[in-house]
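Text of target00.cif (mmCIF, C-alpha atoms (C1' of nucleotides)) as supplied:
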```
data_structure
#
loop_
_atom_site.label_atom_id
_atom_site.label_comp_id
_atom_site.auth_asym_id
_atom_site.auth_seq_id
_atom_site.Cartn_x
_atom_site.Cartn_y
_atom_site.Cartn_z
CA MET A 1 0.00 0.00 0.00
CA GLN A 2 1.18 3.45 -0.95
CA TYR A 3 1.27 5.52 2.21
CA ARG A 4 3.75 8.11 3.30
CA PHE A 5 3.86 7.97 7.07
CA THR A 6 5.85 11.15 7.52
CA ASN A 7 3.33 13.01 5.42
CA SER A 8 0.34 11.70 7.32
CA LEU A 9 -1.90 13.87 9.39
CA PRO A 10 -1.37 12.00 12.67
CA TYR A 11 2.37 12.15 12.28
CA LEU A 12 2.61 15.84 11.47
CA LEU A 13 0.11 16.74 14.12
CA ASN A 14 1.83 14.71 16.79
CA ARG A 15 5.25 16.02 15.94
CA ALA A 16 4.19 19.63 16.24
CA ASP A 17 2.23 18.93 19.38
CA VAL A 18 5.04 17.14 21.15
CA ARG A 19 7.50 19.83 20.21
CA ILE A 20 5.36 22.61 21.54
CA GLY A 21 4.42 20.65 24.62
CA ASP A 22 8.05 19.99 25.36
CA LEU A 23 8.97 23.60 25.05
CA PHE A 24 6.11 24.65 27.21
CA SER A 25 6.95 22.08 29.85
CA GLN A 26 10.47 23.37 30.07
CA ARG A 27 9.23 26.84 30.79
CA LEU A 28 6.70 25.58 33.31
CA ALA A 29 9.30 23.61 35.21
CA GLU A 30 10.54 26.80 36.84
CA TYR A 31 7.17 27.09 38.49
CA ASP A 32 6.99 23.42 39.42
CA LEU A 33 4.05 22.94 37.15
CA THR A 34 3.31 20.28 34.60
CA LEU A 35 1.53 20.90 31.34
CA PRO A 36 -1.77 19.42 32.53
CA MET A 37 -1.57 21.60 35.62
CA TYR A 38 -1.18 24.67 33.49
CA GLN A 39 -4.00 23.58 31.22
CA ALA A 40 -6.34 23.07 34.14
CA MET A 41 -5.57 26.48 35.55
CA ALA A 42 -5.91 28.11 32.15
CA VAL A 43 -9.35 26.59 31.72
CA LEU A 44 -10.44 27.77 35.13
CA ARG A 45 -9.17 31.22 34.34
CA GLN A 46 -11.12 31.38 31.14
CA GLU A 47 -14.29 29.51 31.99
CA GLY A 48 -14.66 29.92 35.70
CA PRO A 49 -15.26 27.12 38.23
CA GLN A 50 -15.54 23.65 36.79
CA ARG A 51 -16.47 20.17 37.79
CA LEU A 52 -13.76 17.54 37.68
CA SER A 53 -15.19 15.72 34.71
CA ASP A 54 -15.60 18.93 32.75
CA LEU A 55 -12.04 19.93 33.42
CA SER A 56 -10.96 16.52 32.25
CA ALA A 57 -12.94 16.80 29.06
CA MET A 58 -11.76 20.29 28.30
CA ILE A 59 -8.09 19.41 28.46
CA THR A 60 -8.37 15.81 27.24
CA VAL A 61 -6.60 14.45 30.28
CA GLU A 62 -7.74 11.33 32.11
CA ILE A 63 -10.06 12.15 34.95
CA SER A 64 -8.06 10.33 37.60
CA THR A 65 -5.01 12.29 36.60
CA VAL A 66 -6.95 15.51 36.97
CA SER A 67 -8.20 14.41 40.36
CA ARG A 68 -4.68 13.94 41.67
CA LEU A 69 -3.45 17.07 39.99
CA VAL A 70 -6.15 19.07 41.72
CA THR A 71 -5.18 17.53 45.02
CA THR A 72 -1.62 18.69 44.51
CA LEU A 73 -2.53 22.20 43.47
CA LYS A 74 -5.00 22.53 46.31
CA ARG A 75 -2.29 21.56 48.75
CA ARG A 76 -0.17 24.31 47.24
CA GLY A 77 -2.95 26.78 47.70
CA LEU A 78 -3.52 27.41 44.01
CA LEU A 79 -6.89 25.75 43.65
CA SER A 80 -9.95 25.19 45.77
CA ARG A 81 -12.11 22.09 45.66
CA GLU A 82 -15.42 21.76 47.43
CA ARG A 83 -18.49 19.58 47.21
CA LEU A 84 -21.56 21.33 45.95
CA GLU A 85 -24.31 22.06 48.41
CA ASP A 86 -27.10 20.93 46.12
CA ASN A 87 -25.31 17.98 44.55
CA GLY A 88 -23.03 16.03 46.80
CA ARG A 89 -21.57 13.94 44.03
CA THR A 90 -19.91 16.70 42.15
CA VAL A 91 -17.11 18.93 43.14
CA ARG A 92 -16.49 22.53 42.29
CA ILE A 93 -12.94 23.44 41.42
CA ASP A 94 -11.76 27.00 41.18
CA LEU A 95 -8.65 29.13 41.29
CA THR A 96 -7.67 30.71 44.56
CA GLU A 97 -6.37 34.23 44.56
CA ALA A 98 -2.81 32.90 44.51
CA GLY A 99 -3.73 30.63 41.65
CA ARG A 100 -5.24 33.49 39.76
CA GLN A 101 -2.10 35.51 40.17
CA LEU A 102 0.10 32.66 39.06
CA ILE A 103 -1.84 31.81 35.94
CA GLU A 104 -1.85 35.47 35.01
CA GLU A 105 1.89 35.40 35.29
CA LEU A 106 2.05 32.42 32.97
CA MET A 107 -0.01 33.89 30.18
CA PRO A 108 2.92 35.71 28.59
CA ILE A 109 4.77 32.41 28.29
CA ALA A 110 1.89 30.92 26.41
CA ALA A 111 1.70 33.99 24.23
CA ASP A 112 5.43 33.76 23.53
CA ILE A 113 5.22 30.20 22.37
CA GLU A 114 2.20 30.88 20.28
CA ALA A 115 4.01 33.80 18.67
CA ILE A 116 7.02 31.69 17.82
CA GLY A 117 4.88 28.99 16.29
CA THR A 118 2.74 31.30 14.22
CA GLY A 119 5.42 33.87 13.50
CA THR A 120 5.63 33.13 9.83
CA PHE A 121 1.90 33.27 9.19
CA SER A 122 -0.53 36.04 8.49
CA ASP A 123 -3.49 36.60 10.76
CA SER A 124 -5.92 35.14 8.28
CA GLU A 125 -3.76 32.09 7.78
CA ILE A 126 -3.65 31.53 11.51
CA ALA A 127 -7.39 31.89 11.74
CA TRP A 128 -7.92 29.39 8.95
CA PHE A 129 -5.46 26.97 10.46
CA LYS A 130 -7.15 27.06 13.83
CA LYS A 131 -10.51 26.61 12.25
CA ALA A 132 -9.16 23.57 10.48
CA LEU A 133 -7.88 22.15 13.75
CA ARG A 134 -11.30 22.53 15.29
CA GLN A 135 -12.86 20.97 12.24
CA ILE A 136 -10.56 17.98 12.34
CA TYR A 137 -11.28 17.47 15.99
CA GLY A 138 -14.95 17.73 15.19
CA ASN A 139 -14.65 15.14 12.46
CA PHE A 140 -13.86 12.60 15.15
CA ALA A 141 -16.47 13.79 17.58
CA HIS A 142 -19.03 11.14 16.80
CA MET A 143 -16.66 8.24 17.25
CA GLU A 144 -16.56 5.94 20.24
CA LYS A 145 -14.72 7.63 23.04
CA SER A 146 -11.92 6.31 25.10
CA PRO A 147 -11.86 6.93 28.84
CA ARG A 148 -9.64 9.91 28.28
CA VAL A 149 -12.15 11.76 26.16
CA GLN A 150 -15.15 12.18 28.36
CA SER A 151 -18.72 12.44 27.22
CA GLY A 152 -20.43 15.71 26.38
CA VAL A 153 -18.77 18.67 27.96
CA GLY A 154 -22.07 20.16 28.95
CA ASP A 155 -23.44 21.56 32.15
CA PHE A 156 -20.66 23.84 33.14
CA ILE A 157 -21.07 25.25 36.58
CA ASN A 158 -20.03 28.57 35.23
CA VAL A 159 -21.19 30.82 37.98
CA GLN A 160 -20.19 34.12 36.53
CA GLY A 161 -21.58 33.68 33.04
CA SER A 162 -18.50 33.31 30.89
CA ASN A 163 -18.73 32.78 27.19
CA ASN A 164 -18.45 29.18 26.26
CA GLN A 165 -17.91 29.21 22.55
CA LEU A 166 -14.64 27.63 21.66
CA MET B 1 -3.88 39.74 30.01
CA GLN B 2 -6.28 39.03 27.21
CA TYR B 3 -5.68 35.45 26.11
CA ARG B 4 -8.14 32.85 25.09
CA PHE B 5 -6.72 29.52 26.10
CA THR B 6 -9.18 27.41 24.16
CA ASN B 7 -8.36 29.34 21.03
CA SER B 8 -4.62 28.99 21.42
CA LEU B 9 -2.46 27.01 19.09
CA PRO B 10 -1.09 24.61 21.71
CA TYR B 11 -4.55 23.82 22.98
CA LEU B 12 -6.14 23.17 19.61
CA LEU B 13 -3.16 21.21 18.42
CA ASN B 14 -3.02 19.07 21.51
CA ARG B 15 -6.71 18.36 21.51
CA ALA B 16 -6.70 17.12 17.96
CA ASP B 17 -3.53 15.14 18.51
CA VAL B 18 -4.78 13.41 21.63
CA ARG B 19 -8.06 12.57 20.00
CA ILE B 20 -6.46 11.01 16.97
CA GLY B 21 -3.86 9.24 19.06
CA ASP B 22 -6.54 7.78 21.26
CA LEU B 23 -8.50 6.50 18.34
CA PHE B 24 -5.44 5.04 16.75
CA SER B 25 -4.39 3.36 19.97
CA GLN B 26 -7.74 1.69 20.28
CA ARG B 27 -7.36 0.17 16.86
CA LEU B 28 -3.79 -0.89 17.54
CA ALA B 29 -4.73 -2.62 20.78
CA GLU B 30 -6.09 -5.57 18.80
CA TYR B 31 -2.58 -6.17 17.58
CA ASP B 32 -1.00 -5.62 20.99
CA LEU B 33 0.80 -2.59 19.71
CA THR B 34 1.20 0.83 21.22
CA LEU B 35 1.27 4.01 19.21
CA PRO B 36 5.05 4.44 19.48
CA MET B 37 5.47 0.86 18.33
CA TYR B 38 3.40 1.54 15.27
CA GLN B 39 5.26 4.76 14.59
CA ALA B 40 8.60 3.03 14.77
CA MET B 41 7.50 0.33 12.39
CA ALA B 42 5.98 2.86 10.03
CA VAL B 43 9.24 4.79 9.90
CA LEU B 44 11.20 1.64 9.20
CA ARG B 45 8.78 0.74 6.46
CA GLN B 46 9.17 4.09 4.81
CA GLU B 47 12.80 4.91 5.40
CA GLY B 48 14.48 1.56 5.73
CA PRO B 49 16.82 0.49 8.55
CA GLN B 50 17.49 3.10 11.21
CA ARG B 51 19.71 3.73 14.14
CA LEU B 52 18.07 3.98 17.54
CA SER B 53 18.64 7.70 17.90
CA ASP B 54 17.28 8.40 14.43
CA LEU B 55 14.17 6.40 15.13
CA SER B 56 13.75 8.36 18.32
CA ALA B 57 14.12 11.68 16.56
CA MET B 58 11.79 10.77 13.74
CA ILE B 59 8.91 9.89 16.02
CA THR B 60 9.71 12.34 18.83
CA VAL B 61 9.77 9.61 21.43
CA GLU B 62 12.39 9.42 24.16
CA ILE B 63 15.30 7.27 23.16
CA SER B 64 15.13 5.01 26.20
CA THR B 65 11.52 4.32 25.41
CA VAL B 66 12.44 3.39 21.88
CA SER B 67 15.21 1.14 23.15
CA ARG B 68 12.79 -0.87 25.27
CA LEU B 69 10.17 -0.86 22.58
CA VAL B 70 12.62 -2.34 20.14
CA THR B 71 13.54 -5.00 22.66
CA THR B 72 9.91 -5.98 22.92
CA LEU B 73 9.26 -6.06 19.21
CA LYS B 74 12.44 -7.97 18.59
CA ARG B 75 11.35 -10.57 21.08
CA ARG B 76 8.12 -10.84 19.15
CA GLY B 77 9.99 -11.32 15.94
CA LEU B 78 8.83 -8.12 14.31
CA LEU B 79 12.11 -6.23 14.36
CA SER B 80 15.78 -7.04 14.11
CA ARG B 81 18.52 -5.21 15.97
CA GLU B 82 22.18 -5.70 15.33
CA ARG B 83 25.41 -3.85 15.97
CA LEU B 84 27.01 -2.47 12.89
CA GLU B 85 30.17 -4.09 11.64
CA ASP B 86 31.96 -0.84 10.96
CA ASN B 87 30.68 1.11 13.98
CA GLY B 88 30.23 -0.78 17.22
CA ARG B 89 28.44 2.03 18.98
CA THR B 90 25.44 2.12 16.78
CA VAL B 91 22.77 -0.38 16.18
CA ARG B 92 20.83 -1.12 13.07
CA ILE B 93 17.14 -1.69 13.48
CA ASP B 94 14.99 -3.09 10.74
CA LEU B 95 11.71 -4.85 10.11
CA THR B 96 11.70 -8.60 9.85
CA GLU B 97 9.56 -10.24 7.25
CA ALA B 98 6.83 -10.74 9.84
CA GLY B 99 7.14 -7.11 10.83
CA ARG B 100 6.88 -6.04 7.26
CA GLN B 101 3.71 -8.04 6.82
CA LEU B 102 2.18 -6.64 9.98
CA ILE B 103 2.90 -3.00 9.23
CA GLU B 104 1.48 -3.49 5.77
CA GLU B 105 -1.66 -4.80 7.39
CA LEU B 106 -1.87 -1.71 9.57
CA MET B 107 -1.59 0.82 6.79
CA PRO B 108 -5.31 0.76 6.00
CA ILE B 109 -6.09 1.69 9.59
CA ALA B 110 -3.89 4.73 9.32
CA ALA B 111 -5.49 5.60 6.02
CA ASP B 112 -8.94 5.25 7.57
CA ILE B 113 -8.20 7.61 10.38
CA GLU B 114 -6.60 10.09 8.07
CA ALA B 115 -9.65 9.95 5.84
CA ILE B 116 -12.01 10.60 8.72
CA GLY B 117 -9.98 13.53 9.90
CA THR B 118 -9.62 15.15 6.53
CA GLY B 119 -12.95 14.11 5.13
CA THR B 120 -14.40 17.58 5.06
CA PHE B 121 -11.43 19.17 3.30
CA SER B 122 -10.39 19.51 -0.29
CA ASP B 123 -7.06 18.15 -1.45
CA SER B 124 -5.51 21.58 -1.67
CA GLU B 125 -6.72 22.48 1.78
CA ILE B 126 -5.17 19.34 3.18
CA ALA B 127 -1.93 20.08 1.43
CA TRP B 128 -1.85 23.60 2.81
CA PHE B 129 -2.70 22.41 6.27
CA LYS B 130 0.09 19.88 6.30
CA LYS B 131 2.52 22.41 5.00
CA ALA B 132 1.51 24.68 7.82
CA LEU B 133 2.10 21.92 10.35
CA ARG B 134 5.59 21.40 9.00
CA GLN B 135 6.18 25.10 9.07
CA ILE B 136 5.08 25.41 12.66
CA TYR B 137 7.30 22.56 13.65
CA GLY B 138 10.11 24.24 11.80
CA ASN B 139 9.52 27.49 13.61
CA PHE B 140 10.63 25.78 16.77
CA ALA B 141 13.50 23.91 15.23
CA HIS B 142 16.20 26.29 16.38
CA MET B 143 15.15 26.24 20.00
CA GLU B 144 16.90 24.37 22.77
CA LYS B 145 15.90 20.78 22.67
CA SER B 146 14.66 18.63 25.45
CA PRO B 147 15.92 15.05 25.78
CA ARG B 148 12.91 13.88 23.88
CA VAL B 149 13.74 15.79 20.76
CA GLN B 150 17.11 14.54 19.74
CA SER B 151 19.71 16.49 17.87
CA GLY B 152 19.92 16.60 14.09
CA VAL B 153 18.20 13.74 12.41
CA GLY B 154 21.01 13.32 9.97
CA ASP B 155 23.06 10.41 8.87
CA PHE B 156 20.41 7.88 8.20
CA ILE B 157 21.78 4.47 7.58
CA ASN B 158 19.41 4.15 4.71
CA VAL B 159 20.91 1.28 2.87
CA GLN B 160 18.52 1.10 -0.01
CA GLY B 161 18.42 4.75 -0.97
CA SER B 162 14.99 5.88 0.09
CA ASN B 163 13.85 9.42 -0.33
CA ASN B 164 14.28 11.41 2.80
CA GLN B 165 12.36 14.57 2.15
CA LEU B 166 9.60 14.98 4.64
"C1'" DG C 1 -40.02 3.85 50.15
"C1'" DA C 2 -36.85 0.02 49.11
"C1'" DA C 3 -34.13 -1.72 45.83
"C1'" DC C 4 -31.53 -0.91 42.05
"C1'" DA C 5 -29.11 1.68 38.45
"C1'" DA C 6 -26.48 5.58 37.10
"C1'" DA C 7 -23.37 9.58 37.93
"C1'" DA C 8 -19.22 11.67 39.90
"C1'" DT C 9 -15.10 11.35 42.10
"C1'" DT C 10 -11.32 9.07 44.52
"C1'" DT C 11 -7.92 5.56 45.21
"C1'" DG C 12 -5.11 1.11 44.72
"C1'" DC C 13 -2.44 -1.22 41.82
"C1'" DC C 14 0.34 -1.90 37.97
"C1'" DA C 15 2.47 -0.73 33.50
"C1'" DT C 16 4.76 2.88 31.05
"C1'" DT C 17 8.11 6.21 30.64
"C1'" DG C 18 11.46 9.92 31.77
"C1'" DC C 19 15.83 11.15 33.68
"C1'" DA C 20 20.22 10.28 35.02
"C1'" DT C 21 23.94 7.10 35.07
"C1'" DC C 22 26.89 3.69 33.18
"C1'" DG C 23 29.48 0.91 29.79
"C1'" DT C 24 31.24 0.72 25.37
"C1'" DT C 25 33.05 2.36 21.15
"C1'" DT C 26 34.67 5.92 18.26
"C1'" DT C 27 36.61 10.46 17.27
"C1'" DC C 28 39.61 14.20 18.11
"C1'" DA C 29 43.63 16.83 19.74
"C1'" DC C 30 48.21 16.96 20.60
"C1'" DG D 1 49.88 6.71 19.64
"C1'" DT D 2 47.83 8.09 23.90
"C1'" DG D 3 44.45 10.26 26.55
"C1'" DA D 4 40.39 12.99 26.75
"C1'" DA D 5 36.00 13.88 25.01
"C1'" DA D 6 32.00 12.74 22.53
"C1'" DA D 7 28.58 9.53 20.59
"C1'" DC D 8 25.51 5.80 21.21
"C1'" DG D 9 22.70 2.77 23.46
"C1'" DA D 10 21.06 0.16 27.66
"C1'" DT D 11 19.39 0.12 32.32
"C1'" DG D 12 18.14 1.33 37.49
"C1'" DC D 13 15.16 3.99 39.81
"C1'" DA D 14 11.55 7.02 40.68
"C1'" DA D 15 7.56 9.35 39.13
"C1'" DT D 16 3.74 9.69 36.16
"C1'" DG D 17 -0.42 8.02 34.40
"C1'" DG D 18 -4.06 4.56 33.09
"C1'" DC D 19 -7.50 1.29 34.27
"C1'" DA D 20 -10.62 -0.65 37.11
"C1'" DA D 21 -12.58 -1.19 41.59
"C1'" DA D 22 -14.51 1.23 45.57
"C1'" DT D 23 -17.23 5.04 47.59
"C1'" DT D 24 -20.72 8.28 47.86
"C1'" DT D 25 -24.63 10.53 46.22
"C1'" DT D 26 -28.55 11.01 43.12
"C1'" DG D 27 -32.21 9.31 40.14
"C1'" DT D 28 -35.69 5.70 38.80
"C1'" DT D 29 -38.87 1.99 39.11
"C1'" DC D 30 -42.19 -0.77 41.11
#
```

Now that the file is in, can you turn its structure into structure tokens?
Amino acid sequence: MQYRFTNSLPYLLNRADVRIGDLFSQRLAEYDLTLPMYQAMAVLRQEGPQRLSDLSAMITVEISTVSRLVTTLKRRGLLSRERLEDNGRTVRIDLTEAGRQLIEELMPIAADIEAIGTGTFSDSEIAWFKKALRQIYGNFAHMEKSPRVQSGVGDFINVQGSNNQL
Amino acid sequence: MQYRFTNSLPYLLNRADVRIGDLFSQRLAEYDLTLPMYQAMAVLRQEGPQRLSDLSAMITVEISTVSRLVTTLKRRGLLSRERLEDNGRTVRIDLTEAGRQLIEELMPIAADIEAIGTGTFSDSEIAWFKKALRQIYGNFAHMEKSPRVQSGVGDFINVQGSNNQL
DNA sequence: GAACAAAATTTGCCATTGCATCGTTTTCAC
DNA sequence: GTGAAAACGATGCAATGGCAAATTTTGTTC
């Protein structure tokens, strides 16, 4: 069968992703944070308080991993985690003030990396590229999900009405 | 700082990558293969025999991981690994006949997944998108490398002259 | 309203993997 | 030619992460 692995979508996607992730991780190491930790905090910053399973779905990280990660960050005083009053099953995770400060401090790093990656593109090219990434992700949306990719990311807690469109 | 995490390049890239990787892994599980195992075999199929470090660089997987992976696949009779005659440091990894058969069998799976992902795009859009992915990867090429991303992927063993342009 | 099923999270256990170290072989400088 | 440095790969150890079982709460059915 004629198939060029190094020209395949999964390969090119993975390569770019790993490279960026690596770079990001290096920068985050100074703060004793892992990539998933950053991602969780970034989601909370943008979307407001979240349930565990929603956090997991948003950042495509296994829910048990997120659970432990939250435990760690709570111990460090960056996140809060509390059972809901009206629904004792679920948990409401949010940034503390310290967490909010820290994630704010990290934003420029993210912006840096983004700028390096997209440096050679025009704004419209970047927009198209990102749209394509969303589209590709969407093209797999209907398929059977592994444990890592949780079911419908609905029902955000979202106390202060933040805009949910991705 | 104004920054929309869920619209950032790393986020969108990672999400798509994880999703595809997950799907692929599920399919590979039937064959008792992990994603890195598949990637290694796919590289060998396309590029011919490789050194360990080149394999590692091609698939952006830590070299120690590749070392163990090769051990496993060799034990299963899918790969061969032998010291070079003229350079005792390096090792030459190749597919066995069984390995060649297996990877050939897996190609349609890869093609499937690629087709699902790109189904809603025209050929020229796909081509542009892939070019962009390569470009983005290239934009980070000069940066300090983590252990995972090995130094220059040069000096392929490449016995039967295969084309190396990515 | 009791029993049962489903949802949400946590945790125990095990496999995977990353980092640092080590052993070997080759290359380089003098 | 000798010694130092670099290249290459393998491995010990610790940490990370995944899966599945356990726990708690909510929802449903009869």

*Using all atoms listed in the file, select each residue of chain C with any atom at most 8 Å away from an atom of chain A, and give the selection as an MDAnalysis selection string.*
chainID C and resid 7:10

*Enumerate, as number ranges by chain, the protein, DNA and RNA residues whose atoms approach (27.1, 1.4, 32.7) to within 8 Å, taking into account all atoms listed in the file and the coordinate frame of the file.*
C: 21-23; D: 10-11

*asked:* Just want the 12 Å neighbourhood of stretch 18-22 of chain D, counted on only C-alpha atoms (C1' of nucleotides), with same-chain residues fewer than 2 positions away dropped. Output as an MDAnalysis selection string.
replied: (chainID A and resid 61:66 146:148) or (chainID C and resid 9:16) or (chainID D and resid 16 24)

Within 8 Å of chain B: each chain A residue with its shortest pair, only C-alpha atoms, as JSON lines:
```
{"residue": "A:Met1", "atom": "CA", "partner": "B:Glu104", "partner_atom": "CA", "distance": 6.9}
{"residue": "A:Tyr3", "atom": "CA", "partner": "B:Met107", "partner_atom": "CA", "distance": 7.2}
{"residue": "A:Arg4", "atom": "CA", "partner": "B:Gln46", "partner_atom": "CA", "distance": 6.9}
{"residue": "A:Phe5", "atom": "CA", "partner": "B:Ala42", "partner_atom": "CA", "distance": 6.3}
{"residue": "A:Thr6", "atom": "CA", "partner": "B:Leu166", "partner_atom": "CA", "distance": 6.1}
{"residue": "A:Asn7", "atom": "CA", "partner": "B:Leu166", "partner_atom": "CA", "distance": 6.6}
{"residue": "A:Ser8", "atom": "CA", "partner": "B:Glu114", "partner_atom": "CA", "distance": 7.2}
{"residue": "A:Leu9", "atom": "CA", "partner": "B:Glu114", "partner_atom": "CA", "distance": 6.2}
{"residue": "A:Pro10", "atom": "CA", "partner": "B:Ile20", "partner_atom": "CA", "distance": 6.7}
{"residue": "A:Tyr11", "atom": "CA", "partner": "B:Ile59", "partner_atom": "CA", "distance": 7.9}
{"residue": "A:Leu12", "atom": "CA", "partner": "B:Leu133", "partner_atom": "CA", "distance": 6.2}
{"residue": "A:Leu13", "atom": "CA", "partner": "B:Asp17", "partner_atom": "CA", "distance": 5.9}
{"residue": "A:Asn14", "atom": "CA", "partner": "B:Asp17", "partner_atom": "CA", "distance": 5.6}
{"residue": "A:Arg15", "atom": "CA", "partner": "B:Thr60", "partner_atom": "CA", "distance": 6.5}
{"residue": "A:Ala16", "atom": "CA", "partner": "B:Tyr137", "partner_atom": "CA", "distance": 5.0}
{"residue": "A:Asp17", "atom": "CA", "partner": "B:Asn14", "partner_atom": "CA", "distance": 5.7}
{"residue": "A:Val18", "atom": "CA", "partner": "B:Thr60", "partner_atom": "CA", "distance": 7.1}
{"residue": "A:Arg19", "atom": "CA", "partner": "B:Tyr137", "partner_atom": "CA", "distance": 7.1}
{"residue": "A:Ile20", "atom": "CA", "partner": "B:Pro10", "partner_atom": "CA", "distance": 6.8}
{"residue": "A:Gly21", "atom": "CA", "partner": "B:Pro10", "partner_atom": "CA", "distance": 7.4}
{"residue": "A:Asp22", "atom": "CA", "partner": "B:Ser146", "partner_atom": "CA", "distance": 6.7}
{"residue": "A:Leu23", "atom": "CA", "partner": "B:Ser146", "partner_atom": "CA", "distance": 7.6}
{"residue": "A:Gln26", "atom": "CA", "partner": "B:Ser146", "partner_atom": "CA", "distance": 7.8}
{"residue": "A:Ala42", "atom": "CA", "partner": "B:Phe5", "partner_atom": "CA", "distance": 6.3}
{"residue": "A:Val43", "atom": "CA", "partner": "B:Phe5", "partner_atom": "CA", "distance": 6.9}
{"residue": "A:Gln46", "atom": "CA", "partner": "B:Arg4", "partner_atom": "CA", "distance": 6.9}
{"residue": "A:Ile59", "atom": "CA", "partner": "B:Arg15", "partner_atom": "CA", "distance": 7.2}
{"residue": "A:Thr60", "atom": "CA", "partner": "B:Arg15", "partner_atom": "CA", "distance": 6.5}
{"residue": "A:Glu104", "atom": "CA", "partner": "B:Met1", "partner_atom": "CA", "distance": 6.9}
{"residue": "A:Met107", "atom": "CA", "partner": "B:Met1", "partner_atom": "CA", "distance": 7.0}
{"residue": "A:Ala111", "atom": "CA", "partner": "B:Tyr3", "partner_atom": "CA", "distance": 7.8}
{"residue": "A:Glu114", "atom": "CA", "partner": "B:Leu9", "partner_atom": "CA", "distance": 6.2}
{"residue": "A:Ile116", "atom": "CA", "partner": "B:Asn139", "partner_atom": "CA", "distance": 6.5}
{"residue": "A:Gly117", "atom": "CA", "partner": "B:Ile136", "partner_atom": "CA", "distance": 5.1}
{"residue": "A:Thr118", "atom": "CA", "partner": "B:Ile136", "partner_atom": "CA", "distance": 6.5}
{"residue": "A:Gly119", "atom": "CA", "partner": "B:Asn139", "partner_atom": "CA", "distance": 7.6}
{"residue": "A:Thr120", "atom": "CA", "partner": "B:Asn139", "partner_atom": "CA", "distance": 7.8}
{"residue": "A:Phe129", "atom": "CA", "partner": "B:Phe129", "partner_atom": "CA", "distance": 6.8}
{"residue": "A:Lys130", "atom": "CA", "partner": "B:Leu12", "partner_atom": "CA", "distance": 7.0}
{"residue": "A:Ala132", "atom": "CA", "partner": "B:Phe129", "partner_atom": "CA", "distance": 7.8}
{"residue": "A:Leu133", "atom": "CA", "partner": "B:Leu12", "partner_atom": "CA", "distance": 6.2}
{"residue": "A:Arg134", "atom": "CA", "partner": "B:Leu12", "partner_atom": "CA", "distance": 6.8}
{"residue": "A:Ile136", "atom": "CA", "partner": "B:Gly117", "partner_atom": "CA", "distance": 5.1}
{"residue": "A:Tyr137", "atom": "CA", "partner": "B:Ala16", "partner_atom": "CA", "distance": 5.0}
{"residue": "A:Asn139", "atom": "CA", "partner": "B:Gly117", "partner_atom": "CA", "distance": 5.6}
{"residue": "A:Phe140", "atom": "CA", "partner": "B:Gly117", "partner_atom": "CA", "distance": 6.6}
{"residue": "A:Lys145", "atom": "CA", "partner": "B:Leu23", "partner_atom": "CA", "distance": 7.9}
{"residue": "A:Ser146", "atom": "CA", "partner": "B:Asp22", "partner_atom": "CA", "distance": 6.8}
{"residue": "A:Arg148", "atom": "CA", "partner": "B:Asp22", "partner_atom": "CA", "distance": 8.0}
{"residue": "A:Val149", "atom": "CA", "partner": "B:Arg19", "partner_atom": "CA", "distance": 7.4}
{"residue": "A:Leu166", "atom": "CA", "partner": "B:Thr6", "partner_atom": "CA", "distance": 6.0}
```

*Give the answer as one residue: which of B:Leu79, B:Ala40, B:Leu73, B:Leu84 has the shortest atom-to-atom distance to chain D, using only C-alpha atoms (C1' of nucleotides)?*
B:Leu84

*Please, which residues are within 7 Å of (-32.8, 5.8, 39.6) by the file's coordinates, counting only C-alpha atoms (C1' of nucleotides), and could they come as a PyMOL selection string?*
(chain C and resi 5-6) or (chain D and resi 27-28)

*Give me, please, the distance in Å between atom CA of A:Leu35 and atom CA of A:Leu55, quoted to one decimal.*
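Separation of atom CA of A:Leu35 and atom CA of A:Leu55: 13.8 Å.
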
_Nearest-residue call for chain D, choices B:Ser80, B:Thr71, B:Thr96, B:Ser122, using all atoms listed in the file_ = B:Thr71

*Quick one: pull the distance between atom CA of B:Leu28 and atom CA of B:Asp123, Å, one decimal.*
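Rounded to one decimal, the two atoms are 27.1 Å apart.
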
_Computed interatomic separation between atom CA of A:Glu97 and atom C1' of D:DA15 (Å)_ = 29.0 Å

On this file, the PyMOL selection byres ((chain D) within 8 of (chain B)) gives some set of residues; write that set as a JSON list (two decimals) with C-alpha atoms (C1' of nucleotides), in the coordinates of the input.
```json
[["chain", "number", "residue", "atom", "x", "y", "z"],
["D", 7, "DA", "C1'", 28.58, 9.53, 20.59],
["D", 8, "DC", "C1'", 25.51, 5.80, 21.21],
["D", 9, "DG", "C1'", 22.70, 2.77, 23.46],
["D", 10, "DA", "C1'", 21.06, 0.16, 27.66]]
```

_I need the output of the PyMOL selection byres ((chain B and resi 49) around 6) for this file as an MDAnalysis selection string; which residues are they?_
chainID B and resid 44 48 50 93:94 158

Please write out, as JSON, where the centre of an axis-aligned box around all listed atoms of stretch 10-15 of chain C lies and how long its edges are, in Å to one decimal, after adding 6 Å on each side.
```
{"center_x": -4.4, "center_y": 3.6, "center_z": 39.4, "size_x": 25.8, "size_y": 23.0, "size_z": 23.7}
```

_Explicit residues for the PyMOL selection byres ((chain D and resi 3) around 10) (as an MDAnalysis selection string)_ = (chainID C and resid 29:30) or (chainID D and resid 1:2 4:5)

Restrict the output to stretch 81-89 of chain A and C-alpha atoms, then write it as a compact mmCIF listing (two decimals), in the first residue's frame.
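Once everything was written out, this is out_25.txt:
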```txt
# COMPACT_ATOMS: atom_id res chain seq x y z
CA ARG A 81 -12.11 22.09 45.66
CA GLU A 82 -15.42 21.76 47.43
CA ARG A 83 -18.49 19.58 47.21
CA LEU A 84 -21.56 21.33 45.95
CA GLU A 85 -24.31 22.06 48.41
CA ASP A 86 -27.10 20.93 46.12
CA ASN A 87 -25.31 17.98 44.55
CA GLY A 88 -23.03 16.03 46.80
CA ARG A 89 -21.57 13.94 44.03
```
